Every structure is written in C-alpha cells, then in structure tokens.
Amino acid sequence: MRVVGKPLPKVDAAAKVTGRALYADDIALPRTLHCKILRSPHPHARILSIDTAAAKRIPGVLAVITGLDLPIKFGILPVTQDERALEHEKVRYVGDPIAAVAATEEEIAAAACDAIEVEYEVLEPVMSIEAALQTPKDERIQDYGGPNNVHKLVALEFGDVEGGFSRADHVREDVFFFQGNTHLPMEQHSAIATYVDGKVTLWSSTQVVHYVHRALSKVLELPMHRIRVIGAAHGGGFGGKTDPFAHEIIVSKLAMITGRPVKCTLTREEVFYAHRGRHPVLMWVRTGVTRDGRITAMHFRSALDGGAYGSYGVASTFYTGALQTVTYDIPAYRFEGCRVFTNKPPCGPKRGHGTPQPRFALELHLEKIAHDIGLDPVELKRRNFVQPNTRTVNWLRVTSCGLEECTDRVINASRFHDRERRPGHGMGFAISSYLSGAGTAIYWNDMPHSEVQIKVDRGGVTAYCGAMEIGQGSDSVLATIVAEELGLQPSDIRLVTADTDTTPIDLGSYSSRVTFMAGNAALEAARKMRALLVEAVEASGRRIDDVTFEEASMLAEARFGTLTTAGSYTPPKIAGPYKGSGVGPSPAYSYSACVVDVDADARTGLIRVNKVWIAHDVGRAINPLLVEGQVEGSVYMGLGEALMEEQAFRKGLHKWPSMLEYKSPTFLDMPEIETFIVETIDPEGPYGAKEAGQGPLLPVPPAVCAAVHDALGVWIDEIPVTPEKVVEAVRRKEKGEPARYGPQRFPPIPYPPTIKVEPPPKDAAITAI
Amino acid sequence: MAAELGPRAMFVAGGTDLFPKLKRRQFEVDSLIGLDFLPRAIRNRSDECVIDAGVTLAHASHDPHLNERFSGYAQAAGHVSSPPLRNAGTIGGNLCVDTRCNYYDMTYEWRKAAGFCLKKDGDICLVAPSSPRCWAVSSSDTAPMAIALDGLVTLVGASGERELPVTALYRDDGDRYMAKQPDEVVTCLRLRRSLNTRSAYVKLRRRGSIDFPIAGAAVAVELDGDRVESCRIVLSAVASYPLEAKAAEEFLKGRRLQEDVIREAAEIASKPAKPLDNADLSHFWRKRMVRVVVEQALARVSDQQPGLDG
C-alpha cells in the first residue's frame, strides 16, 4: 500500500500548530454579542422566583432569557430527556444554568448575570452513592427512576452462575472504588450562533454535530432543515463534548431573539460543571476459579454516582458490566448495575466510557486471586484469555484478538519476570479491550452510522463526511483511505466534514467508531470512484496506471458527467437476544496489554512511574504515528486517573474547578512510554483497522496498582492512588491489619429480579445473526 | 504614584500570580504599576550577593554564583511553578506572592456560591470558621530560603528607602500577610556570604512540574568542623508566614549532622507546623511530611543526598 501504514503527519497539523485553524472562539462575526450564563450557587434547591429586571436595564444588555424561554427538555438518550438549557423550577448541582444574558461585551454580560435576583428554597443535597440510596430528607433530585434517588437498575445473568461457583476450588470477593474525574480538554467548550433568513447556524466545539442538531431542533421547535450545525476546529473532547449542551441551545435562542451573532465560551470553571466525565463507581466482584486458575463463574456489581442528570448514564451503567467477558472466557456471568442521582455535575462518557472502572476492579481482583492460589498473575490471566472468533457468554462477538501477542510484547520488553528486586520498586501488568464503535446508534433507527460522498472535479478530489475531527486524526484517516484507493497522497484530498448542511451523516466522534465506520464508508465511496475512473480510462483504450489522475478524472467526467460516489457503513446486527444487549456489541474489539514500572516510597506514599510499556492491537495501523499518539495520550490520561485526578466536592461545591488545583500530569510529569503496535488485520475494519483512541487507557490504572502492590506489599483498591492512601495502607500492614486501602463494603441495593439469559450455543455463528 | 492611587492600584512585576487573580476577581484594582523599569541584575561581591527584585526566577536559579554560594536559594528559585512561569516571574514577586487557600483561589462565582471569606469580600474564615483571622498559607519558596540565609531586603516607598531582614517582611496573618507599607516596593535582596554556610531547599508538591509548595524546608547550616555552629530551618506552606523552627535550630547547635540527630531535629522542627485543610492533599499527611522534608534538607546539607524532588 502506498499511504496506508505510513507514519505521515496529520493533514491538519500545520494549521493547528500555527494557530490558523479556526476554533469556535476564534470566530468573530460582525456585531457578535457575548453570552454569559448565570448558574446555581446551590447543589439542590427549588427556584421560587427569578427577577431579571435589573439585568435588562444595564446598558449594553440586549437579551436576558430564563427557562421560560426554553422550557422543552432534552438529553442525549431518548429515555432520559431530563435536561433544560435553563432551569426555572429546580436546580440540581452547583453550576446548573438558570439564566443567560447576551450583551455587547463579556464583562457587561457577567455584570448582568450578577444583577439577576433568584430566590431559592434550599433543599438537602445528596452527595454520595450511600446517601442517594437512602430516603431523601427533602425530595428526590429527579422525578423519575427510584426508589429514592436511584436512576437505573439492571440485573442480568448469563449461564449457570451458581453452578459455576459450586464447581470452583477457590472463590474470592473484593470491593473497589474508582473516583470520578473529568476530561480536561485543552479547549473549553465554545459555540457561536447566527440567525439569518429564518435559519440558525451554529458553530460549536462538539464531538457530535448530529446529536446537537437533533437537540436544537427539539428545543428550538425548528425543523432540522432550518438548523445547520458545523463542527469548528476542535481542541479536545475525550467524551466531554458528546452531549448536546445548554450553551449551544442558549446561543442559538439568543441569536434568534437579537438577530445578531451570539457567542458563548465556557470558562474553565464552567467546563468542570458541564462535565459528563468519569462516573465514580463502587464495585463488588466475586469470582470462582479452579485450582489451575480457570474462571468458573463471576458475579459483578456496580453502583455509579451519576450526578444530577441522565446524560449517557443508562449506557454507562450497562458498560460497567459489558466488557468483562471480552478479555476473559467467563462461562457463567451475573451482572447487577445501579446508577444513582446526586447533586453534582452530571457524569457521562469519558475515554473508555464506563469500562475503565470495572477493568480496574477486574484486573486487580484477578491479580489477588493469582496471589491466593499461588499462580503468577500473568499466567492466570493468560489461561483465561478469550479466543478469536468466539462469542462470549453475554453474546458479544469477538473476531480478531491480539491479546496473546500484546501480552508477549510487554512482558518481554519490560523483562517483567526478571524484574529488579529492590525495596520500593515494583512492576504491574494488566490487559483490556474496547469497542471499535458502538454497534447501535443512540436513538433507534436502521440507517447507516456513517456516510461519505466523494466528488472528483477537474482533477480535484473532495471527500464529504459528517465525521468530526477532534484531534484523534479522523480527517487524516479519511484522507488517507481516499488517497490510497485513488493513488494519491492524503494532502491531495480536500475534506469537508462535520457540517449538517453539506456533509452526509456520521454519528460523531464517540465510542471509538470513526476509523472503523467512517473509514469503511470512505473505502466504499473511494472504490466506487476508482471503478469509474478505471472504466473511463479503459474505454479510451489505455490502462489506469498509464495515465495521471488528472487525465483519468477528465476522461471519467467526459464519459459520466459530474463525478460523485457515495459509501456508507451500517454495523452488523450482532446484539444478543435480551433487553440491554444494545450496549457492548461492536463490529470489532481492540486489545491492549501494559506493564508499569514504579518506585513507591513507603514513608511518604509518593509514587514515581519510571516507565510504561504498552502494546495495542489496532487491527491495522492506517497511520502508525497517529496510533502511537493515541496510545501515548491514553497512557497519560490513565496515569492521571490512577495517581491524582479527582472530581471532588466539599460542602456541595466542586472542590477545585481549576486547571492548577485539579491535578493532572503535565508533560514534565510523564514517564517514558514504549509503544508496540500489534496488527491482527480485522476482517471487517477498513484495511483491517480497529480503534486506538480509548482502549489503551484501560489497563493503566490497574497496572499502577499492581505495581504498587509489587513494590510495597499493599493493595490500594481505590483510584486515585494518592500518597495518603499509600501511607495509610503501609501503616495498616505494619500493624498487622489487612494491608489494604479501599472501600470496606458494598451497600445493599434493591436490584430487580435477575433476567436470565441463555448463553449463545457453542457453535453460534460469528457472523451477523 | 502608588501612594496617590492607594488600594486601587497594585504593583506588577512578572504578573504570573497577579493576572489570574485579576481574572478571578481576587484582586480588583483600577491601575497596575509596572516595575519593568527597575534594574534586573545579580551583583556578586566578595562578601555578599545582591539580587535585584526584577531578576527572573529562571535567571536566579541558573546563576552560577548563586548556585555555588547560596545553592539553597538557587534551588528554591528553580522550584517555583513551571519553566515558562519562571521565565516571567521575578524573585521580588515571589517574596511578595499572595498567600493561598483553596477557599480563596477561586473565581468570583465560586466564592459567591461558597460564601465569601474574610480575605476577600467576606467576614469569616471558611477553613476555621470559629477563628477571627485568615489562615491562608504562605506559599513562597524563596522567602523561607532567604530567611534561612539571613537575607535583607531593600524597600523603597514614598517615605524613602529602608533595609530590613526578610523575616520582618511577613506577619502571621493570611489576609494582611506583608508587614511592608502598601506603597513600598521590594527593590533588592541581599544575601551575605559566610564561608562555611551550606544550604538546601526541599519542596513537597503533587507535581514536580508546576505546583505551589504544600510543605517545604529551607535549611542553612554553618559548620564548625563537623559540628553545627549555627543553623536556620524555615518551613514553607505550613503557616501564614514562613515558619522558623527555632527549637530545632537550638537543638542542632554543637551537634554533628548524623542520621539520628537529623531525625530528631526534624521531629522537633515539625512540631510547630500546623497545616489546615486548605491546600492540596490532606493536612494530616502534610503535617507528617514536614518531618520528611526537614530531614531531607538536613541530609542534603550534610552529604548532598537527593531530596523528595530529586
């Protein structure tokens, strides 16, 4: 292949590093008004009155709106339409939007927000999972779900779990906690809207132009064809820009009211409130193994602290139980999940969506089982590795799988089994898997998930696709695939992306779906175009290899008229026959394995990560440079979550909504990373490619904890591993108490009766069902 | 000019702390008086070193004479914040840097939601509500070291020029933490050389790349043979001012800097430190770590062992 597999620079790299890319906040249209949003100072309160009169009188203020102007509820999932752009009845977290101002200057808008009088009836806030399970003192946060502040309950059983436990030689139970954390993108959310000729145009820093388009249509009560959403150049999302957001709706409404462009760029503090980040999850897991370490049954329980609104929460809840089986062959599996509402910014999808927490629990739990039965943890895990071309007990279809090779690469490179033994030094190993795109759309429909059109015109090639470049390299992947098929270079391809007026749909940059789905759509469109070119050239009596692309395109245009082709991708229908089976299926799974090397100081509890080895089965690296970038970025984020990041609250308020106080590693804090790209050539991915953007984060936190145990002999069963926790665990160890820091118990949860699902037959087809 | 404008004006040197605080409305002033016109040189003399207040932290940390003669000071300057901010931030600015508290270093909107505190716009301390004073934390890395080295600062104001020991710049009050007059500017720092002085600064923070101190030890020791003739131990970030551990200094006099002595001195030094729950990580842990940073600083002056921050 000419360009696939080559470490070429990103097609948009120069524009981004030289500041020429146009981010939403850079867009400065004539007469733009600035918008500021008044947010709740209370975690939980009823709104008795809102008086905007004084704010409206401030010179320079052109409009002040409240929830009465935008009363229609929206939300990313059809089942949880529970958000308002502005709340006029009740606020549910500090930061909940109440009113918005459009003014000629940002400072005037801020002063006007300060001048709005809101009368509250303050309610008792609910700030923890435990509290949410109790009867609320005042009232429930949301008026759906239940009992109490429970949002969602799930109980599924696959195969004979009791029988599996009774066959086990050893059964172990553990409780883990993974603290919530946020995405921390470099670019704050920003949106600017115009209203011209009865049509709203919104430029936004979003990962999901299509879902924003739908939400705007619903709340603004305009048909979709009168709304255009354009994804501006993007400064990072990581899942934090995957919901439709209040500010996107607000600027559109204010543009409609004032007839002028209206812009809103969130402050860094507001980004912490917009959130939709990693759910704090409390987990209980019980696993039975035979004497030689084969898993006989597993029972997994999760309790997610969802924050104040639904967001992706129902999907997140299922995800905490879905992918355990995709790495280990678990013959009988029971999952009980619960999500609760609390008075905090809503949680949602962050890199790995709902799966890093159970991955952390599962990997450490198996590590402990290996210690119990005197087996090397790597060996125990290996004995249970899932095999390629199988179906899991919960009906997930596994095709290409590079777990063995990933494991070999990192174990050998790190010399894991002959690691240096000195006090405070340790290594830890963990594996993981992730989806290459969710197999189902967010709202039920049978249409393709991604579509690409190609236009060839006087020798120039333009590819149109709804896919949103968010820094992950989706534009480069599209350009590379089209270039490969047409015999060009990626830089020869013009791209028009993420614009609901001019590009065909792509569902968005989430669930690691773009390379796989938009890539397949691009491949189909490009192959059709190539066929037209070949036909035209051959009709002229020449061969395609003997003419330039320009000549070929002129021959084809002369023969066929306007040259356009299209391709689309719809994932195979592979979900299992049970309710809730829509979360988890993917046309392919990526696999990762990693080893982390640390020095841990027993006295201070400080941990220094010396090096990380990570291998990632990406199917095929369409651009190895971009894959390495995604892997390294995932390691960075995984280390931050493992060691310091914490969405913490005090007295109902976010404790540190600032980039200095919310600790996340900087460049200077990063250890050396050695990345191995493993290629298994997936049968359905474009050129065999799978995802790389999320999966490599997953093994990092458990590998850090395993390394800390290796170094100090203490288990830290709670993320992040802060020095206080390490010091406390060491103190307990020295006093002869259990050498562990972590949650003591899993609370009683009123799970519904378990839905029993027959596992797939042994010879279940691995193609679509 | 400063005297005329009064509290509606502030001096600005590097601005690395000031500008974010203007944005968060912790500082609300009409005018900033730039100090760029002041000289910015390091003058080495045989018996002393005079550092202009406008010298950047990066410059001070790389200066060969400072590294050789007052290595603790160069270390402290090199541990302030991050490389880009050290290129802008000045040594005078770091001596005067505002005290910190995670109820105070927040936006206007956050502070309004939390209830304003007495350091800005309110009348109670949110860390210690029953206390009549502010408990914001002295967060300068270079001030404790300058005190340990017996440094002198020159202040210039409307009523003239004066020189005073660095320690006299500070008060035990998180709100009004500086003892100088508001219209006075720190123009230079004078460190006096003594042949047998060794110094070291050990800083504790979550990220070695950028964070303010959450505990720190500045140690300067004068040796007579292998015994301590005099010594100063000044702690950072555990009180509203650079906290001198006087009992530990007394204890060390006449003793050899050997392991058990260092351990005991560090134990004594940590006693007066009373961190509160208003900085990163738990105050219990920070309290325990004071002993560790003092031990590491003393060990470093005794035999150049690397400290927490390597």
# chains A, B, ... in the order shown; residues from 1 in each chain; ligands from 1
>>> closest_atom_pairs(of="stretch 108-166 of chain B", to="stretch 279-285 of chain B", cutoff="12 Å", atoms="only C-alpha atoms", output="CSV")
residue,atom,partner,partner_atom,distance
B:Val127,CA,B:Ala279,CA,10.2
B:Trp135,CA,B:Ala279,CA,10.8
B:Ala136,CA,B:Ala279,CA,9.0
B:Val137,CA,B:Ala279,CA,8.0
B:Ser138,CA,B:Ala279,CA,10.8
B:Ser139,CA,B:Ala279,CA,10.1
>>> interface_residues(of="chain B", to="chain A", cutoff="12 Å", atoms="only C-alpha atoms", output="number ranges by chain")
B: 17, 20, 23-25, 81-83, 100-115, 126-127, 204-212, 214, 277-293, 296, 307-310
>>> closest_residue(among="B:Cys117, B:Ala168, B:Leu189, B:Ala146", to="B:Pro129", atoms="only C-alpha atoms")
B:Cys117
>>> closest_residue(among="B:Ser240, B:Gln258, B:Ser199, B:Thr187", to="B:Ile147", atoms="only C-alpha atoms")
B:Ser199
>>> select_by_dssp(residues="stretch 50-108 of chain B", states="strand (DSSP E or B)", output="compact mmCIF listing (two decimals) with C-alpha atoms, in the first residue's frame")
# COMPACT_ATOMS: atom_id res chain seq x y z
CA VAL B 50 22.75 41.49 45.75
CA ILE B 51 19.88 40.33 43.58
CA ASP B 52 17.58 42.93 42.05
CA THR B 56 13.54 36.36 36.97
CA THR B 90 10.62 37.57 39.49
CA ARG B 100 -3.01 30.81 49.21
>>> residues_around(residues="A:Leu8", least_positions_apart="3", cutoff="10 Å", atoms="only C-alpha atoms", output="PyMOL selection string")
chain A and resi 3-5+11+476+480+489-491+622-626
>>> write_last_selection(atoms="C-alpha atoms", output="PDB file, in the first residue's frame")
ATOM      1  CA  VAL A   3      -0.035   5.581   2.092  1.00  0.00           C
ATOM      2  CA  VAL A   4      -1.835   3.239   4.487  1.00  0.00           C
ATOM      3  CA  GLY A   5       0.614   2.173   7.187  1.00  0.00           C
ATOM      4  CA  VAL A  11      -3.343  16.567   7.401  1.00  0.00           C
ATOM      5  CA  SER A 476      -6.255  12.170   8.329  1.00  0.00           C
ATOM      6  CA  THR A 480      -5.540   8.501   3.780  1.00  0.00           C
ATOM      7  CA  GLN A 489      -1.383  11.462  -1.219  1.00  0.00           C
ATOM      8  CA  PRO A 490      -3.549  12.412   1.821  1.00  0.00           C
ATOM      9  CA  SER A 491      -2.641  16.063   1.281  1.00  0.00           C
ATOM     10  CA  ILE A 622      -3.650   3.157   8.995  1.00  0.00           C
ATOM     11  CA  ASN A 623      -1.177   5.705  10.316  1.00  0.00           C
ATOM     12  CA  PRO A 624       1.215   4.328  12.959  1.00  0.00           C
ATOM     13  CA  LEU A 625       2.220   7.827  14.060  1.00  0.00           C
ATOM     14  CA  LEU A 626      -1.373   8.648  14.918  1.00  0.00           C
TER      15      LEU A 626
END
>>> closest_residue(among="A:Leu639, A:Ala100, A:Val596, A:Val452", to="A:Arg419", atoms="only C-alpha atoms")
A:Val596
>>> select_by_dssp(residues="stretch 420-625 of chain A", states="helix (DSSP H, G or I)", output="MDAnalysis selection string")
chainID A and resid 474:486 490:492 514:539 544:546 549:560 624:625
>>> residues_around(residues="B:Ala158", least_positions_apart="6", cutoff="12 Å", atoms="only C-alpha atoms", output="ChimeraX atom specification")
/B:1-4,6,181-185
>>> residues_around(residues="stretch 172-180 of chain B", least_positions_apart="5", cutoff="12 Å", atoms="only C-alpha atoms", output="VMD selection string")
chain B and resid 26 95 to 101 104 117 to 125 127 131 to 140 143 153 to 157 161 to 167 185 to 186 237 to 244 278
>>> residues_around(residues="A:Arg167", least_positions_apart="3", cutoff="9 Å", atoms="only C-alpha atoms", output="list in words")
Glu162, Gly163, Gly164, Gly288, Val289, Thr290, Thr296 and Ala297 of chain A
>>> residues_around(residues="B:Val202", least_positions_apart="5", cutoff="12 Å", atoms="only C-alpha atoms", output="count of residues only")
48
>>> closest_residue(among="A:Glu83, A:Glu157, A:Glu404, A:Asp329", to="A:Pro244", atoms="only C-alpha atoms")
A:Glu83
>>> closest_residue(among="A:Pro97, A:Pro504, A:Pro136, A:Pro577", to="A:Ala85", atoms="only C-alpha atoms")
A:Pro97
>>> closest_residue(among="B:Ala245, B:Ile33, B:Leu57, B:Leu5", to="B:Asn94", atoms="only C-alpha atoms")
B:Leu57
>>> atom_distance(atom1="atom CA of A:Arg542", atom2="atom CA of A:Asp457")
20.5 Å
>>> atom_distance(atom1="atom CA of A:Glu538", atom2="atom CA of A:Thr562")
18.5 Å
